[in-house]
Amino acid sequence: MSKQTLIQGTLLLILAGLITRILGFINRIVVARVMGQEGVGLYMMAVPTMLLAITLTRMGLPVAISKLVAEADAKGDRKKIKKVLIVSLAITGVLSIIFTTAMIVAAPILSHYFFTDKRTFYPLIAIAPVVPIIAVSSVLRGYFQGLQNMRPSAYSQVIEQIVRITLVALLTSFFLPYGVEFAAAGAMISVIIGELASLLYMFSMFKLKKNMKVRKGFFKQLKSGHDTLKELLGIALPTTGSQLIGSVSYFFEPIVVAQSLAIAGVSAIAATRQYGELAGYVIPLLFLPTFITFSLSVSLVPAISEANANKKYGLIEHRLNQALRLSMLSGGIAAVVMYVYAVPIMDLMYDSPASASYLKVMTPLFFFLYFQGPLQAVLQAMNLARAAMMNSLIGSVVKLAAIFALATRPEFGIMGVALAIVLGIVVVTLLHFASVAKAISYSIKAKDFIFGLMSILITGFGSHFIYTYIFPQFSKVPGICFSLLLTGILYLTTLFFFRLIKRDDLRQLPIIKRWV
């Protein structure tokens, strides 16, 4: 099975992430145009419940599988890899049945007593079957990632989005005449079918690439898998704690928002629309660059686990520096574009230029999120998932408390929610960095980060000039495309000028390896 280096695997996931994010935004635009702010609000209120159920079902196993498979593969222990797979599949199989059932049973209670809009019942019920599908595919992803083969994970993401975007317009349009809540349920059904297609692809790749028979001696391996279960849970439970805190926080977020806005005198329908704008339009756009940092995080866990197992601590620091530098560079251009071009972007994508105010307020501090994933991956790979969990807990408490403190005040309202979300992100990222620095005596390469910030600032001022004097000379679509092109050229020029794109990084690219 082909193994990629950290940069090669990351770039493969980045390419797949870029494709899936583009397709995902097309999907969101279609959903927004068909269902409007109210439908998107219902959809986004149901999503946190789904994510909570998935987090409980997966129980942090993908990270644990990736780590243990990477360590076993480094030692050539194929029996250990098989046992890890069997125990993981058994755990997720049982948990998926439990939490899917719980989600269906809880749907009427959640929609009637916790959310201020009872119509959330329909998307909650519609999305429940996706839980076991994602749980099983996560096990297979963890297996491939542990072998440092990122191709199946990358391709499956693209397949999922292609299937989803093919169906979402059809299903939402079909159910819309019955009510916006049924249209939101139709969007959820497209998610299920997309994830099923992704799982089928992952399973076919597993059947094709594996050199072991999982079904042979399944129950025998399961009975003797006590030590493997202990190892998995030793990594998975603290990781789950961190993920669970985030999911629980996200689950309570729309509830706290709805109740806080109600205290501030905002009606249920207006609150649903405002939350739809923030959670359905603005936040996904801010999360766009995270396909890069997510790719880095996925590649970092097995790479750093392998380096840690071989006690190559200098390599750990080198790989972390690579990841943070790439996170800064990718997040920097995204921050510039979203801040300077907030109004035309929101107008062009969602026909909602008023939402640009949220985007401008959140963008500067949201920049911290782009460092969070790689830092957390390092903590998980070095058996410090508990520290990551505590950091996430503190950030979640700060966020929810700030939402209630700000959103209940009429002068802030939904803008208070936006401020509270970015405050939580800043707190978690700073705590993660402190934990990593303490664990490995990490020394940051100040030169790269100073030059990186200079590149971002230069591009920001140049982009503002482009937006003020060049953008108005064109109509909407050509203007934004040409302006973004000039901004991108300016940013790349500054990166090469400050030598922030390293030759070592370029050598990892097979296409241009021979030239550098």
# chains A, B, ... in the order shown; residues from 1 in each chain; ligands from 1
call {"tool": "closest_atom_pairs", "arguments": {"of": "segment 338-376 of chain A", "to": "segment 459-466 of chain A", "cutoff": "12 Å", "atoms": "only C-alpha atoms", "output": "CSV"}}
result
residue,atom,partner,partner_atom,distance
A:Met338,CA,A:Gly460,CA,10.4
A:Tyr339,CA,A:Gly460,CA,8.7
A:Val340,CA,A:His464,CA,6.1
A:Tyr341,CA,A:His464,CA,8.6
A:Ala342,CA,A:His464,CA,11.5
A:Pro364,CA,A:Gly460,CA,11.6
call {"tool": "residues_around", "arguments": {"residues": "Leu490 of chain A", "least_positions_apart": "3", "cutoff": "10 Å", "atoms": "only C-alpha atoms", "output": "CSV table (one decimal) with N, CA and C atoms, in the first residue's frame"}}
result
chain,number,residue,atom,x,y,z
A,455,SER,N,3.4,39.8,5.3
A,455,SER,CA,2.8,39.4,4.0
A,455,SER,C,1.3,39.6,4.0
A,456,ILE,N,0.7,39.2,5.1
A,456,ILE,CA,-0.8,39.3,5.3
A,456,ILE,C,-1.1,40.8,5.3
A,458,ILE,N,0.6,43.5,4.1
A,458,ILE,CA,0.9,44.1,2.8
A,458,ILE,C,-0.3,43.7,1.9
A,459,THR,N,-0.6,42.4,1.8
A,459,THR,CA,-1.7,42.0,1.0
A,459,THR,C,-3.0,42.6,1.3
A,460,GLY,N,-3.3,42.8,2.7
A,460,GLY,CA,-4.5,43.5,3.1
A,460,GLY,C,-4.6,44.9,2.6
A,462,GLY,N,-3.0,46.2,0.1
A,462,GLY,CA,-3.1,46.2,-1.4
A,462,GLY,C,-4.4,45.8,-1.9
A,463,SER,N,-5.0,44.8,-1.2
A,463,SER,CA,-6.4,44.3,-1.5
A,463,SER,C,-7.4,45.4,-1.3
A,484,LEU,N,-9.9,39.2,-6.9
A,484,LEU,CA,-9.4,38.1,-6.2
A,484,LEU,C,-8.1,37.6,-6.8
A,485,LEU,N,-8.1,37.6,-8.1
A,485,LEU,CA,-6.9,37.2,-8.9
A,485,LEU,C,-5.7,38.1,-8.5
A,486,LEU,N,-5.9,39.4,-8.6
A,486,LEU,CA,-4.8,40.4,-8.2
A,486,LEU,C,-4.4,40.2,-6.8
A,487,THR,N,-5.3,40.0,-5.9
A,487,THR,CA,-5.0,39.8,-4.5
A,487,THR,C,-4.1,38.5,-4.3
A,493,THR,N,3.4,36.8,-4.4
A,493,THR,CA,4.6,37.6,-4.6
A,493,THR,C,5.3,37.9,-3.2
A,494,THR,N,4.5,38.3,-2.2
A,494,THR,CA,5.1,38.6,-0.9
A,494,THR,C,5.7,37.3,-0.3
A,495,LEU,N,5.0,36.2,-0.5
A,495,LEU,CA,5.5,34.9,0.1
A,495,LEU,C,6.9,34.5,-0.5
call {"tool": "closest_residue", "arguments": {"among": "A:Val40, A:Leu296, A:Ala185, A:Leu61", "to": "Leu15 of chain A", "atoms": "only C-alpha atoms"}}
result
A:Leu296
call {"tool": "residues_around", "arguments": {"residues": "Arg409 of chain A", "least_positions_apart": "3", "cutoff": "9 Å", "atoms": "only C-alpha atoms", "output": "VMD selection string"}}
result
chain A and resid 260 to 261 263 to 264 404 to 406 412 to 413 416
call {"tool": "residues_around", "arguments": {"residues": "Leu110 of chain A", "least_positions_apart": "6", "cutoff": "12 Å", "atoms": "only C-alpha atoms", "output": "NGL selection string"}}
result
:A and (45-46 or 48-49 or 102-104 or 116-125 or 251-252 or 254-255)
call {"tool": "residues_around", "arguments": {"residues": "Lys75 of chain A", "least_positions_apart": "4", "cutoff": "10 Å", "atoms": "only C-alpha atoms", "output": "PyMOL selection string"}}
result
chain A and resi 69-71+80+306+309
call {"tool": "closest_residue", "arguments": {"among": "A:Ala381, A:Met205, A:Leu278, A:Ala271", "to": "Tyr350 of chain A", "atoms": "only C-alpha atoms"}}
result
A:Leu278
call {"tool": "closest_residue", "arguments": {"among": "A:Leu285, A:Leu170, A:Ala64, A:Ile127", "to": "Leu359 of chain A", "atoms": "only C-alpha atoms"}}
result
A:Leu285
call {"tool": "closest_residue", "arguments": {"among": "A:Ile394, A:Leu42, A:Ile22, A:Met150", "to": "Leu431 of chain A", "atoms": "only C-alpha atoms"}}
result
A:Ile394
call {"tool": "residues_around", "arguments": {"residues": "Asn308 of chain A", "least_positions_apart": "6", "cutoff": "9 Å", "atoms": "only C-alpha atoms", "output": "ChimeraX atom specification"}}
result
/A:315-316,381-382
call {"tool": "write_last_selection", "arguments": {"atoms": "N, CA, C and O atoms", "output": "PDB file, in the first residue's frame"}}
result
ATOM      1  N   LEU A 315      12.356  15.870  14.909  1.00  0.00           N
ATOM      2  CA  LEU A 315      11.464  15.721  13.759  1.00  0.00           C
ATOM      3  C   LEU A 315      10.055  16.186  14.115  1.00  0.00           C
ATOM      4  O   LEU A 315       9.358  16.773  13.281  1.00  0.00           O
ATOM      5  N   ILE A 316       9.634  15.933  15.353  1.00  0.00           N
ATOM      6  CA  ILE A 316       8.316  16.392  15.803  1.00  0.00           C
ATOM      7  C   ILE A 316       8.232  17.907  15.709  1.00  0.00           C
ATOM      8  O   ILE A 316       7.267  18.468  15.182  1.00  0.00           O
ATOM      9  N   ALA A 381      -1.325  13.054  19.297  1.00  0.00           N
ATOM     10  CA  ALA A 381      -0.296  12.101  18.875  1.00  0.00           C
ATOM     11  C   ALA A 381       0.712  11.816  19.981  1.00  0.00           C
ATOM     12  O   ALA A 381       1.327  10.749  20.014  1.00  0.00           O
ATOM     13  N   MET A 382       0.883  12.766  20.919  1.00  0.00           N
ATOM     14  CA  MET A 382       1.848  12.607  22.007  1.00  0.00           C
ATOM     15  C   MET A 382       1.174  12.198  23.321  1.00  0.00           C
ATOM     16  O   MET A 382       1.701  12.426  24.413  1.00  0.00           O
TER      17      MET A 382
END
call {"tool": "closest_residue", "arguments": {"among": "A:Ala135, A:Ala72, A:Ala354, A:Ile440", "to": "Ser88 of chain A", "atoms": "only C-alpha atoms"}}
result
A:Ala135
call {"tool": "closest_residue", "arguments": {"among": "A:Leu329, A:Ala53, A:Val477, A:Val378", "to": "Leu492 of chain A", "atoms": "only C-alpha atoms"}}
result
A:Leu329
